[in-house]
$ cat query_34.txt   # compact mmCIF, C-alpha atoms and all ligand atoms
# COMPACT_ATOMS: atom_id res chain seq x y z
CA MET A 1 -190.33 -0.13 84.49
CA ASP A 2 -187.05 1.73 84.94
CA PHE A 3 -184.98 0.30 87.80
CA GLY A 4 -182.00 2.56 87.03
CA PHE A 5 -180.45 5.18 89.31
CA THR A 6 -180.76 8.92 88.72
CA ALA A 7 -177.66 11.03 87.98
CA SER A 8 -177.53 12.27 91.59
CA GLU A 9 -177.89 8.73 92.97
CA ILE A 10 -175.00 7.58 90.75
CA ARG A 11 -172.96 10.52 92.04
CA LEU A 12 -173.71 9.49 95.63
CA LYS A 13 -172.54 5.92 94.94
CA GLN A 14 -169.36 7.29 93.39
CA GLU A 15 -168.71 9.59 96.36
CA ILE A 16 -168.97 6.64 98.75
CA ALA A 17 -166.62 4.57 96.55
CA ASP A 18 -164.08 7.43 96.48
CA PHE A 19 -164.43 7.86 100.24
CA ALA A 20 -163.78 4.15 100.83
CA ARG A 21 -160.65 4.19 98.64
CA ARG A 22 -159.34 7.37 100.25
CA GLU A 23 -160.29 7.02 103.92
CA MET A 24 -159.99 3.29 104.62
CA PRO A 25 -156.50 2.10 105.53
CA ALA A 26 -155.24 -0.30 102.83
CA ASP A 27 -155.25 -3.37 105.11
CA VAL A 28 -158.87 -2.70 106.12
CA ARG A 29 -159.93 -2.03 102.53
CA GLU A 30 -158.40 -5.31 101.42
CA GLY A 31 -159.76 -7.15 104.45
CA SER A 32 -162.92 -9.08 105.01
CA PRO A 33 -166.52 -8.02 104.44
CA ASP A 34 -167.56 -9.88 107.56
CA PHE A 35 -170.14 -7.78 109.42
CA GLU A 36 -169.43 -9.26 112.82
CA ARG A 37 -165.63 -8.75 112.71
CA GLN A 38 -166.03 -5.00 112.62
CA PHE A 39 -166.35 -4.85 116.43
CA HIS A 40 -162.84 -6.07 117.01
CA GLY A 41 -159.24 -4.84 116.83
CA ARG A 42 -158.18 -2.87 113.79
CA LEU A 43 -161.64 -2.80 112.19
CA TRP A 44 -163.13 -1.38 115.35
CA GLU A 45 -160.45 1.34 115.61
CA THR A 46 -161.21 2.23 112.00
CA ALA A 47 -164.96 2.28 112.66
CA ARG A 48 -164.49 4.76 115.51
CA GLU A 49 -162.34 7.00 113.29
CA ILE A 50 -164.21 6.75 110.03
CA MET A 51 -167.84 6.99 111.14
CA PRO A 52 -167.70 10.67 112.20
CA LYS A 53 -166.39 11.38 108.67
CA ALA A 54 -169.28 9.44 107.10
CA GLY A 55 -171.66 11.26 109.46
CA ALA A 56 -170.26 14.65 108.43
CA ARG A 57 -171.08 13.77 104.81
CA GLY A 58 -174.70 13.00 105.77
CA TRP A 59 -174.57 9.27 104.99
CA LEU A 60 -175.84 7.98 108.36
CA GLY A 61 -179.61 8.30 108.65
CA PRO A 62 -179.86 10.76 105.74
CA ALA A 63 -183.66 10.32 105.48
CA TRP A 64 -184.21 11.37 109.11
CA PRO A 65 -185.59 14.85 109.75
CA VAL A 66 -182.99 17.64 109.93
CA ARG A 67 -184.03 18.38 113.54
CA TYR A 68 -182.71 14.95 114.57
CA GLY A 69 -179.46 14.97 112.63
CA GLY A 70 -180.68 13.75 109.23
CA ARG A 71 -180.92 15.82 106.07
CA GLY A 72 -184.45 14.93 104.98
CA ALA A 73 -183.12 12.86 102.04
CA SER A 74 -185.26 10.34 100.14
CA PRO A 75 -185.56 6.72 101.39
CA ILE A 76 -183.72 5.51 98.27
CA GLU A 77 -180.72 7.68 99.18
CA GLN A 78 -180.71 6.11 102.62
CA VAL A 79 -180.75 2.63 101.04
CA ILE A 80 -177.92 3.56 98.67
CA CYS A 81 -175.74 4.87 101.52
CA PHE A 82 -176.30 1.69 103.51
CA GLU A 83 -175.75 -0.69 100.62
CA GLU A 84 -172.66 1.06 99.28
CA MET A 85 -171.00 1.22 102.70
CA ALA A 86 -171.68 -2.53 103.04
CA TYR A 87 -170.28 -3.11 99.54
CA TRP A 88 -167.02 -1.38 100.45
CA GLY A 89 -166.88 -3.01 103.89
CA ILE A 90 -166.65 0.36 105.65
CA PRO A 91 -166.75 -0.70 109.31
CA GLY A 92 -169.34 0.74 111.68
CA TYR A 93 -171.91 1.94 109.12
CA ASP A 94 -174.85 0.60 111.15
CA MET A 95 -173.43 2.44 114.20
CA GLY A 96 -173.00 -0.80 116.11
CA VAL A 97 -175.84 -3.22 115.50
CA GLY A 98 -179.08 -1.58 114.47
CA GLY A 99 -178.24 2.02 115.41
CA ILE A 100 -179.08 3.35 111.97
CA SER A 101 -181.26 0.60 110.60
CA TRP A 102 -183.82 -0.07 113.36
CA ILE A 103 -183.04 1.77 116.60
CA GLY A 104 -183.07 5.22 114.96
CA PRO A 105 -186.32 4.57 113.03
CA SER A 106 -187.96 3.03 116.13
CA LEU A 107 -187.03 6.04 118.25
CA LEU A 108 -188.42 8.32 115.55
CA ALA A 109 -191.70 6.40 115.69
CA HIS A 110 -192.08 5.75 119.43
CA GLY A 111 -189.39 7.65 121.36
CA SER A 112 -190.03 10.73 123.48
CA GLU A 113 -188.84 14.10 122.17
CA THR A 114 -186.02 14.01 124.75
CA GLN A 115 -184.92 10.56 123.58
CA LYS A 116 -184.95 11.64 119.93
CA LEU A 117 -182.86 14.73 120.65
CA GLU A 118 -180.49 12.83 122.91
CA HIS A 119 -179.85 9.80 120.69
CA LEU A 120 -180.53 10.52 117.02
CA PRO A 121 -177.99 13.32 116.36
CA PRO A 122 -175.03 11.36 117.85
CA LEU A 123 -176.02 8.40 115.66
CA ALA A 124 -176.25 10.51 112.52
CA GLN A 125 -172.91 12.11 113.41
CA GLY A 126 -171.21 8.72 113.77
CA ARG A 127 -170.45 9.17 117.46
CA ARG A 128 -172.62 6.68 119.39
CA PHE A 129 -172.63 2.91 118.86
CA TRP A 130 -175.46 0.61 119.90
CA CYS A 131 -176.22 -3.01 120.56
CA THR A 132 -179.59 -4.79 120.62
CA ALA A 133 -180.51 -7.17 123.44
CA TYR A 134 -183.58 -9.32 122.79
CA SER A 135 -182.35 -12.95 122.94
CA GLU A 136 -181.92 -14.87 126.18
CA PRO A 137 -180.64 -18.38 126.91
CA GLY A 138 -184.23 -19.68 126.85
CA ALA A 139 -185.77 -17.21 124.39
CA GLY A 140 -184.65 -16.86 120.77
CA SER A 141 -187.26 -17.51 118.07
CA ASP A 142 -189.89 -17.46 120.79
CA MET A 143 -188.79 -14.02 121.94
CA ALA A 144 -191.98 -13.32 123.89
CA SER A 145 -191.02 -15.98 126.43
CA LEU A 146 -188.09 -13.90 127.70
CA GLN A 147 -187.57 -13.76 131.48
CA SER A 148 -185.38 -10.73 132.29
CA THR A 149 -187.43 -8.25 134.27
CA ALA A 150 -187.75 -4.52 134.84
CA VAL A 151 -189.69 -3.74 138.03
CA ARG A 152 -190.74 -0.24 139.07
CA ARG A 153 -189.25 0.58 142.45
CA ASN A 154 -188.66 3.98 144.15
CA GLY A 155 -189.12 6.05 141.00
CA GLU A 156 -186.93 3.93 138.72
CA TYR A 157 -186.79 0.44 137.18
CA ALA A 158 -184.72 -2.34 138.74
CA VAL A 159 -183.49 -4.73 136.03
CA ASN A 160 -182.45 -8.33 136.64
CA GLY A 161 -181.72 -11.22 134.28
CA GLN A 162 -179.50 -12.26 131.40
CA LYS A 163 -179.22 -11.67 127.64
CA VAL A 164 -177.14 -13.62 125.14
CA TRP A 165 -175.76 -13.22 121.59
CA THR A 166 -175.83 -9.45 121.96
CA SER A 167 -173.75 -8.41 118.94
CA ALA A 168 -171.40 -5.46 119.46
CA SER A 169 -172.11 -5.40 123.21
CA PRO A 170 -168.41 -5.62 124.19
CA VAL A 171 -167.86 -2.23 122.49
CA ALA A 172 -171.28 -0.52 122.34
CA ASP A 173 -172.11 2.74 124.14
CA TRP A 174 -175.88 2.16 124.45
CA CYS A 175 -178.25 -0.79 124.43
CA TRP A 176 -181.72 -1.29 122.89
CA LEU A 177 -183.23 -3.58 125.48
CA LEU A 178 -186.40 -5.70 125.64
CA LEU A 179 -187.56 -6.66 129.15
CA ARG A 180 -190.54 -8.10 130.95
CA THR A 181 -192.46 -5.47 132.93
CA GLY A 182 -195.66 -7.52 133.30
CA SER A 183 -196.30 -11.02 134.63
CA ALA A 184 -194.96 -14.07 132.76
CA SER A 185 -198.55 -15.09 131.93
CA SER A 186 -199.15 -11.78 130.11
CA LYS A 187 -196.47 -12.94 127.58
CA HIS A 188 -196.53 -10.43 124.63
CA ARG A 189 -198.41 -7.71 126.55
CA GLY A 190 -195.94 -7.83 129.44
CA LEU A 191 -192.92 -6.62 127.43
CA SER A 192 -191.40 -3.15 127.32
CA LEU A 193 -188.51 -1.52 125.46
CA PHE A 194 -185.75 0.52 127.07
CA VAL A 195 -182.61 2.39 126.13
CA LEU A 196 -179.70 1.78 128.49
CA ASP A 197 -176.27 3.32 128.88
CA MET A 198 -173.81 0.40 128.76
CA ARG A 199 -171.75 1.99 131.57
CA THR A 200 -174.64 1.60 134.05
CA ARG A 201 -173.66 0.02 137.37
CA GLY A 202 -174.72 -3.60 137.86
CA LEU A 203 -174.41 -4.49 134.16
CA THR A 204 -171.65 -6.98 133.29
CA VAL A 205 -170.73 -7.86 129.69
CA ARG A 206 -168.96 -11.16 129.07
CA PRO A 207 -167.62 -11.40 125.49
CA LEU A 208 -168.54 -14.52 123.48
CA ALA A 209 -166.20 -15.88 120.83
CA ALA A 210 -167.28 -16.74 117.29
CA MET A 211 -165.60 -19.20 114.94
CA THR A 212 -164.13 -16.27 113.00
CA GLY A 213 -161.73 -15.96 115.95
CA THR A 214 -163.20 -12.69 117.21
CA THR A 215 -165.63 -11.78 119.99
CA PRO A 216 -168.49 -10.07 118.19
CA PHE A 217 -171.15 -10.95 120.79
CA GLY A 218 -171.55 -10.75 124.52
CA GLU A 219 -173.66 -12.12 127.30
CA LEU A 220 -175.21 -9.38 129.43
CA PHE A 221 -175.81 -9.94 133.14
CA PHE A 222 -178.12 -7.52 134.97
CA ASP A 223 -177.77 -7.43 138.74
CA ASP A 224 -180.32 -4.95 140.10
CA VAL A 225 -179.42 -2.41 137.41
CA ARG A 226 -181.15 0.94 138.09
CA VAL A 227 -182.74 2.42 134.98
CA PRO A 228 -184.42 5.86 135.00
CA LEU A 229 -188.16 5.87 134.14
CA GLU A 230 -187.45 8.19 131.19
CA ASN A 231 -185.43 5.39 129.53
CA LEU A 232 -188.67 3.53 128.79
CA VAL A 233 -189.46 3.79 125.06
CA GLY A 234 -193.10 4.64 124.33
CA GLU A 235 -195.67 3.01 126.61
CA GLU A 236 -195.05 0.30 129.17
CA GLY A 237 -196.39 -3.05 127.93
CA MET A 238 -196.18 -2.06 124.24
CA GLY A 239 -192.66 -3.44 123.69
CA TRP A 240 -193.81 -6.39 121.61
CA ASP A 241 -195.54 -4.17 119.05
CA TYR A 242 -192.49 -1.90 118.81
CA VAL A 243 -190.15 -4.89 118.37
CA VAL A 244 -192.30 -6.44 115.65
CA ALA A 245 -192.00 -3.15 113.74
CA ALA A 246 -188.25 -2.93 114.53
CA LEU A 247 -187.80 -6.47 113.15
CA GLU A 248 -189.22 -5.34 109.81
CA TYR A 249 -186.49 -2.70 109.69
CA GLU A 250 -183.89 -5.24 110.79
CA ARG A 251 -184.83 -7.80 108.14
CA ALA A 252 -185.04 -5.23 105.35
CA SER A 253 -181.64 -3.84 106.41
CA VAL A 254 -180.12 -7.31 106.46
CA GLY A 255 -181.38 -7.63 102.87
CA VAL A 256 -179.65 -4.38 101.90
CA VAL A 257 -176.40 -5.26 103.71
CA TYR A 258 -176.09 -8.70 102.08
CA SER A 259 -177.10 -7.28 98.74
CA GLY A 260 -174.02 -5.02 99.02
CA MET A 261 -171.72 -7.73 100.34
CA VAL A 262 -172.76 -10.37 97.82
CA ARG A 263 -172.39 -7.89 94.95
CA ARG A 264 -168.85 -7.13 96.16
CA ILE A 265 -167.76 -10.75 96.35
CA THR A 266 -169.44 -11.43 92.99
CA ASP A 267 -167.57 -8.51 91.37
CA GLU A 268 -164.28 -9.67 92.84
CA LEU A 269 -164.73 -13.28 91.80
CA ILE A 270 -165.61 -12.20 88.27
CA ALA A 271 -162.59 -9.86 88.08
CA VAL A 272 -160.20 -12.55 89.33
CA GLN A 273 -161.66 -15.25 87.12
CA ARG A 274 -161.38 -12.92 84.11
CA ASN A 275 -157.69 -12.15 84.72
CA VAL A 276 -156.18 -15.16 86.47
CA PRO A 277 -158.69 -17.98 86.16
CA LEU A 278 -158.87 -19.54 89.60
CA ALA A 279 -160.59 -22.54 88.17
CA GLY A 280 -157.91 -23.07 85.52
CA ALA A 281 -158.99 -23.96 82.01
CA GLY A 282 -161.22 -26.51 80.28
CA GLN A 283 -164.26 -28.05 81.88
CA ARG A 284 -163.65 -26.57 85.36
CA ALA A 285 -163.48 -23.07 83.90
CA GLY A 286 -166.76 -23.69 82.09
CA ILE A 287 -168.44 -24.73 85.33
CA ALA A 288 -167.00 -21.69 87.14
CA ARG A 289 -168.32 -19.45 84.34
CA HIS A 290 -171.84 -20.80 84.75
CA LYS A 291 -171.75 -20.57 88.53
CA LEU A 292 -170.56 -16.97 88.36
CA ALA A 293 -173.28 -16.11 85.86
CA GLU A 294 -175.84 -17.64 88.21
CA LEU A 295 -174.43 -15.70 91.17
CA ALA A 296 -174.58 -12.46 89.17
CA VAL A 297 -178.28 -13.09 88.39
CA GLU A 298 -179.10 -13.96 91.99
CA SER A 299 -177.19 -10.94 93.24
CA GLU A 300 -179.44 -8.73 91.08
CA ILE A 301 -182.58 -10.49 92.40
CA CYS A 302 -181.27 -9.97 95.93
CA ARG A 303 -180.89 -6.24 95.34
CA LEU A 304 -184.40 -5.91 93.91
CA LEU A 305 -185.97 -7.82 96.82
CA ALA A 306 -183.98 -5.73 99.32
CA TYR A 307 -185.01 -2.45 97.68
CA ARG A 308 -188.64 -3.59 97.48
CA ALA A 309 -188.63 -3.96 101.27
CA ALA A 310 -186.32 -1.16 102.41
CA VAL A 311 -187.40 1.75 100.19
CA PRO A 312 -191.09 1.78 101.23
CA LEU A 313 -190.17 0.90 104.82
CA TRP A 314 -187.67 3.73 105.20
CA GLY A 315 -190.41 5.91 103.72
CA GLY A 316 -192.70 4.87 106.61
CA GLN A 317 -194.78 2.06 105.06
CA PRO A 318 -194.93 -1.35 106.86
CA VAL A 319 -193.58 -4.28 104.80
CA ASN A 320 -193.82 -7.38 106.91
CA VAL A 321 -193.73 -10.06 104.22
CA GLU A 322 -191.35 -8.22 101.88
CA SER A 323 -188.79 -7.77 104.66
CA ALA A 324 -188.96 -11.51 105.49
CA GLN A 325 -188.46 -12.32 101.78
CA ALA A 326 -185.44 -9.99 101.54
CA LYS A 327 -183.94 -11.45 104.72
CA VAL A 328 -184.31 -15.12 103.80
CA PHE A 329 -183.16 -14.70 100.19
CA SER A 330 -180.18 -12.43 100.91
CA THR A 331 -178.78 -14.50 103.77
CA GLU A 332 -179.17 -17.83 101.99
CA LEU A 333 -177.58 -16.26 98.92
CA SER A 334 -174.69 -14.99 101.06
CA GLN A 335 -174.01 -18.62 102.01
CA ARG A 336 -174.14 -19.79 98.36
CA ALA A 337 -171.80 -16.93 97.39
CA ALA A 338 -169.40 -17.80 100.21
CA GLN A 339 -169.45 -21.46 99.18
CA LEU A 340 -168.60 -20.57 95.58
CA ALA A 341 -165.85 -18.17 96.68
CA MET A 342 -164.27 -20.97 98.71
CA GLU A 343 -164.53 -23.41 95.81
CA LEU A 344 -162.80 -20.95 93.49
CA ALA A 345 -160.17 -19.95 96.04
CA GLY A 346 -159.28 -23.64 96.46
CA LEU A 347 -156.64 -24.36 99.09
CA TYR A 348 -155.77 -20.65 99.35
CA GLY A 349 -159.16 -20.16 101.01
CA GLN A 350 -157.89 -22.10 104.02
CA LEU A 351 -154.98 -19.74 104.76
CA SER A 352 -155.38 -17.45 107.76
CA ASP A 353 -155.19 -13.65 107.55
CA THR A 354 -151.54 -13.62 108.57
CA GLU A 355 -150.50 -16.11 105.90
CA ARG A 356 -149.90 -15.30 102.27
CA ALA A 357 -153.46 -15.53 101.05
CA THR A 358 -154.61 -13.19 98.30
CA SER A 359 -157.12 -10.52 99.23
CA MET A 360 -159.89 -12.48 97.51
CA ALA A 361 -158.99 -15.72 99.30
CA ARG A 362 -158.90 -13.95 102.69
CA ARG A 363 -162.25 -12.43 101.92
CA ALA A 364 -163.66 -15.79 100.83
CA ARG A 365 -162.56 -17.47 104.04
CA ALA A 366 -163.91 -14.78 106.37
CA PHE A 367 -167.17 -14.52 104.43
CA TYR A 368 -167.59 -18.30 104.51
CA LEU A 369 -167.08 -18.55 108.29
CA SER A 370 -169.31 -15.61 109.16
CA SER A 371 -172.08 -16.44 106.70
CA THR A 372 -173.14 -19.44 108.80
CA GLY A 373 -174.84 -17.16 111.32
CA ASN A 374 -176.62 -15.08 108.66
CA THR A 375 -179.56 -17.46 108.43
CA ILE A 376 -179.98 -17.38 112.24
CA LEU A 377 -179.69 -13.68 113.16
CA ALA A 378 -182.78 -11.43 112.93
CA GLY A 379 -185.03 -14.52 112.79
CA THR A 380 -183.97 -17.89 111.41
CA SER A 381 -184.83 -18.94 107.85
CA GLU A 382 -187.60 -21.14 109.29
CA ILE A 383 -189.13 -18.18 111.11
CA GLU A 384 -188.94 -16.00 107.95
CA ARG A 385 -190.66 -18.77 105.96
CA ASN A 386 -193.36 -18.94 108.63
CA VAL A 387 -193.97 -15.19 108.19
CA ILE A 388 -194.12 -15.51 104.40
CA ALA A 389 -196.39 -18.57 104.53
CA GLN A 390 -198.80 -17.30 107.18
CA ARG A 391 -198.96 -13.55 106.59
CA GLY A 392 -198.09 -13.51 102.90
CA LEU A 393 -199.79 -16.62 101.57
CA GLY A 394 -202.54 -16.96 104.18
CA LEU A 395 -201.56 -20.53 105.04
CA PRO A 396 -202.72 -21.86 108.42
CA ARG A 397 -200.27 -21.92 111.37
C1 LIG V 1 -174.53 -13.87 114.10
C2 LIG V 1 -175.63 -13.71 115.10
C3 LIG V 1 -175.87 -12.47 115.65
C4 LIG V 1 -176.88 -12.30 116.61
N1 LIG V 1 -177.06 -11.06 117.17
C5 LIG V 1 -178.03 -10.88 118.09
C6 LIG V 1 -178.20 -9.60 118.71
O1 LIG V 1 -177.47 -8.66 118.43
N2 LIG V 1 -179.20 -9.47 119.63
C7 LIG V 1 -180.02 -10.49 119.98
O2 LIG V 1 -180.91 -10.27 120.78
N3 LIG V 1 -179.87 -11.73 119.41
C8 LIG V 1 -178.89 -11.94 118.50
N4 LIG V 1 -178.71 -13.19 117.92
C9 LIG V 1 -179.52 -14.30 118.39
C10 LIG V 1 -180.60 -14.71 117.37
O3 LIG V 1 -181.60 -13.72 117.27
C11 LIG V 1 -181.16 -16.06 117.82
O4 LIG V 1 -180.10 -16.99 117.78
C12 LIG V 1 -182.29 -16.53 116.89
O5 LIG V 1 -183.43 -15.73 117.07
C13 LIG V 1 -182.64 -18.01 117.12
O6 LIG V 1 -182.88 -18.24 118.47
P1 LIG V 1 -182.17 -19.49 119.21
O7 LIG V 1 -180.71 -19.42 118.92
O8 LIG V 1 -182.61 -19.46 120.62
O9 LIG V 1 -182.73 -20.78 118.48
P2 LIG V 1 -184.16 -21.46 118.71
O10 LIG V 1 -185.21 -20.41 118.72
O11 LIG V 1 -184.06 -22.37 119.87
O12 LIG V 1 -184.31 -22.29 117.36
C14 LIG V 1 -183.66 -23.56 117.18
C15 LIG V 1 -184.12 -24.12 115.84
O13 LIG V 1 -185.54 -24.32 115.85
C16 LIG V 1 -186.15 -23.64 114.76
N5 LIG V 1 -187.46 -23.10 115.18
C17 LIG V 1 -187.74 -22.44 116.33
N6 LIG V 1 -189.03 -22.04 116.34
C18 LIG V 1 -189.57 -22.46 115.18
C19 LIG V 1 -190.87 -22.36 114.60
N7 LIG V 1 -191.89 -21.71 115.23
N8 LIG V 1 -191.06 -22.88 113.35
C20 LIG V 1 -190.05 -23.52 112.69
N9 LIG V 1 -188.82 -23.66 113.20
C21 LIG V 1 -188.57 -23.13 114.43
C22 LIG V 1 -185.21 -22.50 114.42
O14 LIG V 1 -185.38 -22.09 113.08
C23 LIG V 1 -183.85 -23.15 114.67
O15 LIG V 1 -183.46 -23.91 113.54
C24 LIG V 1 -177.70 -13.38 116.97
C25 LIG V 1 -177.46 -14.64 116.40
C26 LIG V 1 -176.44 -14.81 115.49
C27 LIG V 1 -176.20 -16.17 114.89
$ encode --input "query_34.txt" --output "structure tokens"
Amino acid sequence: MDFGFTASEIRLKQEIADFARREMPADVREGSPDFERQFHGRLWETAREIMPKAGARGWLGPAWPVRYGGRGASPIEQVICFEEMAYWGIPGYDMGVGGISWIGPSLLAHGSETQKLEHLPPLAQGRRFWCTAYSEPGAGSDMASLQSTAVRRNGEYAVNGQKVWTSASPVADWCWLLLRTGSASSKHRGLSLFVLDMRTRGLTVRPLAAMTGTTPFGELFFDDVRVPLENLVGEEGMGWDYVVAALEYERASVGVVYSGMVRRITDELIAVQRNVPLAGAGQRAGIARHKLAELAVESEICRLLAYRAAVPLWGGQPVNVESAQAKVFSTELSQRAAQLAMELAGLYGQLSDTERATSMARRARAFYLSSTGNTILAGTSEIERNVIAQRGLGLPR
């Protein structure tokens, strides 16, 4: 079987590489590949500036229909755009959190025509950033136990409650929001999905700090927030089904993102080790050589697993188990890669961004700190293994 890229796919990869070298300010290009840091300071300014340029080139949602801002490209092109932008650390390429990878596809599948026309073109043009609010203080893995409510009153919904760990919420324009519209006893059947303008009155965002020193998440507080009926996505009470499908997109996309990021750190470690051996000579160098070889092999496996989930999915075919496999493998690999990068960077890996660390050491440190959360977001490793064991292998619950 030929796993190679076609000539036009290779050209696309090259165009994105050239774009990254030309359009990204040097300090951002040399900076960290940390996904969560992109919603802060200099990276966020760059994301706002650079995404409309990526959108103009047709790299955001390229497989979406032309009517909604896409260019009807193949699913593999969409995967390549996503992976290459992750490889180069171009900030904003998921248009906030999930804009391109699961909110766009979910709106295509379940949104009204008005919602598609209102939200998809600004995403594909790089102009509207999103956040995703599912988790609550008492509802993470067991998402269906969430408590925040949307109650129909006087021709609109009144929303009350609290969300937590909402990535990108301090800077996002719109929110993809899961709420309870039915009774607590109806559990899964009582959930509905909404889109919400983040400037809506009654919504307060309190930024939450991460150990990377930035505030990538927020807590959302809803105090009788009025939401128009037309902001409901699909049918009331069907939110659980839509979110289960959206999670397949999320997990497959996580696989693609970490495939790109791990490949980048692998390439950099190999280049550095080739030129200025970080691990010195002798036995340590031999160990480093073997570890790098292993990382290169695993990085290739990661890419194949990610493609196996994302390409059919972005072509419209459900891939529940494959997306869980891609998610668990890619995120656990990102932690092994970060660990190795720190080992090879040695004490330089402990220097902060403002100190005289090399680009690779800065990258290693940021990747190491942020990778901790990778096996928690989008479903913990335990939850992914449950999906693989129960749905993939037919093991009992
Ligand atoms: C970097 C990062 C970004 C995030 N971004 C977002 C976001 O944008 N939007 C959003 O809504 N949420 C976001 N989250 C929250 C994330 O989805 C939840 O943290 C995650 O689902 C786990 O929920 P919890 O933290 O409540 O842990 P819990 O669900 O309480 O889990 C605690 C532990 O118990 C284990 N566990 C729970 N249930 C089972 C089970 N059935 N079988 C085996 N083990 C189990 C878990 O694996 C975990 O180890 C983010 C989290 C992180 C770390």
$ residues_around --input "query_34.txt" --residues "Ser112 (chain A)" --least-positions-apart "4" --cutoff "10 Å" --atoms "all atoms listed in the file" --output "VMD selection string"
chain A and resid 107 to 108 116 to 118 230 to 234
$ write_last_selection --input "query_34.txt" --atoms "C-alpha atoms" --output "CSV table (one decimal), in the frame of the given file"
chain,number,residue,atom,x,y,z
A,107,LEU,CA,-187.0,6.0,118.2
A,108,LEU,CA,-188.4,8.3,115.6
A,116,LYS,CA,-185.0,11.6,119.9
A,117,LEU,CA,-182.9,14.7,120.6
A,118,GLU,CA,-180.5,12.8,122.9
A,230,GLU,CA,-187.4,8.2,131.2
A,231,ASN,CA,-185.4,5.4,129.5
A,232,LEU,CA,-188.7,3.5,128.8
A,233,VAL,CA,-189.5,3.8,125.1
A,234,GLY,CA,-193.1,4.6,124.3
$ atom_distance --input "query_34.txt" --atom1 "CA of Glu235 (chain A)" --atom2 "atom C3 of ligand LIG 1 (chain V)"
27.4 Å
$ closest_residue --input "query_34.txt" --among "A:Thr166, A:Ser371, A:Gln350, A:Thr215" --to "Gly140 (chain A)" --atoms "only C-alpha atoms"
A:Thr166
$ residues_around --input "query_34.txt" --residues "region 185-198 of chain A" --least-positions-apart "6" --cutoff "6 Å" --atoms "all atoms listed in the file" --output "PyMOL selection string"
chain A and resi 144+173-179+231-233+236-240
$ atom_distance --input "query_34.txt" --atom1 "CA of Arg180 (chain A)" --atom2 "CA of Ala245 (chain A)"
18.0 Å
$ residues_near_ligand --input "query_34.txt" --ligand "ligand LIG 1 (chain V)" --cutoff "8 Å" --atoms "only C-alpha atoms and all ligand atoms" --output "MDAnalysis selection string"
chainID A and resid 36 97 131:143 163:169 217 370 372:383 386
$ atom_distance --input "query_34.txt" --atom1 "CA of Asp223 (chain A)" --atom2 "CA of Gly161 (chain A)"
7.1 Å
$ closest_residue --input "query_34.txt" --among "A:Ala73, A:Leu313, A:Ala338, A:Ala54" --to "Arg264 (chain A)" --atoms "only C-alpha atoms"
A:Ala338
$ closest_residue --input "query_34.txt" --among "A:Phe367, A:Tyr258, A:Tyr242, A:Tyr348" --to "Ala86 (chain A)" --atoms "all atoms listed in the file"
A:Tyr258
$ closest_residue --input "query_34.txt" --among "A:Gly72, A:Gly104, A:Pro207, A:Gly349" --to "Tyr368 (chain A)" --atoms "only C-alpha atoms"
A:Gly349
$ residues_near_point --input "query_34.txt" --point "(-159.2, 6.3, 112.9)" --cutoff "12 Å" --atoms "only C-alpha atoms" --output "NGL selection string"
:A and (23-25 or 28 or 41-53 or 90-92)
$ closest_residue --input "query_34.txt" --among "A:Glu250, A:Glu84, A:Asp267, A:Asp18" --to "Ala341 (chain A)" --atoms "all atoms listed in the file"
A:Asp267
$ axis_aligned_box --input "query_34.txt" --around "region 78-93 of chain A" --padding-each-side "6 Å" --output "lines of an AutoDock Vina configuration file"
center_x = -173.7
center_y = 1.5
center_z = 105.2
size_x = 26.1
size_y = 21.2
size_z = 25.0
